[in-house]
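J.: Provided herewith is a single structure, encoded as structure tokens, for subsequent inquiry.
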Amino acid sequence: MTVRTALTTESTIQKSCVAWMRYRHPEILMWATPNSGKMKPQHGVERKALGVLAGVADLAVIVGSGTKSLPPKMVFVEMKTLKGRLSPAQKVFQAQCWELGAPYYVCRSLDEFIETIEGEIKGDSDAQAG
């Protein structure tokens with residue numbers, strides 16, 4: 001793997017976003033949903049029974065409203081490389097988020113992630129970006 005490739009994988013982009021978020025906004029609740037990889041069929045059946053959902057976004061972020069009179073907002077972020085595309089299951093999850101009014105973003109770099117999160121915090125992001 002070349003250095004350029006190492007800096008442009010979804011995993012590397014996501015790690016940099018998580019590190020930035022933990023440093024810049026430790027008060028915001030964010031977690032990853034590991035939902036990929038090869039597994040034996042019986043493990044897939046078990047995970048589905050436990051509630052694992054195909055296509056769910058890589059990161060879930062709960063952004064507070066800054067006031068107790070407004071509820072916090074759940075934001076979903078899917079990480080992709082510059083050439084990466086959403087899978088059919090990810091497109092279904094994206095559409096369900098939009099239908100429910102939940103912001104869903106596709107971020108392809110740390111800069112896009114920062115812009116997205118800062119915009120959500122300020123309340124001026126486009127909830128159907130991506």
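Chain labels run A, B, ... following the order of the structure tokens; each chain numbers its residues from 1, and ligands are numbered from 1 in the order shown.
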Tell me which protein, DNA and RNA residues are within 12 Å of Gln94 in chain A, counting only C-alpha atoms, leaving out same-chain ones fewer than 5 positions away, and put them as a ChimeraX atom specification.
T.: /A:54-58,75-78,86-89,99-106,127-130
J.: Running DSSP on the backbone, which parts of chain A land in strand (DSSP E or B), as a list in words?
T.: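 Going through chain A, the strand (DSSP E or B) residues come out as Leu29, Met30, Trp31, Ala32, Leu59, Ala60, Val61, Ile62, Val63, Lys73, Met74, Val75, Phe76, Val77, Glu78, Met79, Tyr104, Tyr105, Val106 and Cys107 of chain A.
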J.: For Arg24 in chain A, list every protein, DNA or RNA residue within 12 Å, evaluated using only C-alpha atoms, and leave out those in the same chain fewer than 6 positions away; present the list as a list in words.
T.: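 That gives Ser16, Cys17, Val18, Ile114, Ile117 and Glu118 of chain A.
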J.: Grab the residues selected above and save them as a compact mmCIF listing (two decimals), in the first residue's frame with all heavy atoms.
T.:
# COMPACT_ATOMS: atom_id res chain seq x y z
N SER A 16 -9.35 9.78 11.30
CA SER A 16 -8.98 11.19 11.48
C SER A 16 -10.18 12.01 11.94
O SER A 16 -10.04 12.92 12.76
CB SER A 16 -8.36 11.77 10.20
OG SER A 16 -9.30 11.84 9.16
N CYS A 17 -11.36 11.68 11.44
CA CYS A 17 -12.58 12.39 11.86
C CYS A 17 -12.90 12.12 13.33
O CYS A 17 -13.24 13.04 14.08
CB CYS A 17 -13.76 11.98 10.98
SG CYS A 17 -13.59 12.51 9.26
N VAL A 18 -12.77 10.87 13.73
CA VAL A 18 -13.03 10.51 15.13
C VAL A 18 -12.02 11.20 16.04
O VAL A 18 -12.39 11.75 17.08
CB VAL A 18 -13.00 8.97 15.32
CG1 VAL A 18 -13.00 8.59 16.78
CG2 VAL A 18 -14.20 8.34 14.59
N ILE A 114 -15.50 18.14 9.25
CA ILE A 114 -15.47 19.31 10.13
C ILE A 114 -16.54 20.31 9.73
O ILE A 114 -17.30 20.80 10.58
CB ILE A 114 -14.07 19.96 10.13
CG1 ILE A 114 -13.05 19.03 10.80
CG2 ILE A 114 -14.10 21.33 10.80
CD1 ILE A 114 -11.61 19.46 10.64
N ILE A 117 -20.05 18.87 10.74
CA ILE A 117 -20.33 18.87 12.19
C ILE A 117 -20.46 20.30 12.71
O ILE A 117 -21.39 20.61 13.46
CB ILE A 117 -19.25 18.09 12.96
CG1 ILE A 117 -19.28 16.61 12.56
CG2 ILE A 117 -19.43 18.26 14.46
CD1 ILE A 117 -20.63 15.90 12.79
N GLU A 118 -19.55 21.17 12.31
CA GLU A 118 -19.64 22.56 12.77
C GLU A 118 -20.95 23.19 12.29
O GLU A 118 -21.58 23.96 13.01
CB GLU A 118 -18.43 23.37 12.31
CG GLU A 118 -17.11 22.93 12.92
CD GLU A 118 -16.99 23.15 14.42
OE1 GLU A 118 -17.85 23.80 15.03
OE2 GLU A 118 -15.99 22.66 14.99
J.: How would you write, as a count of residues only, the set of residues in chain A that DSSP gives as alpha helix (DSSP H)?
T.: 54
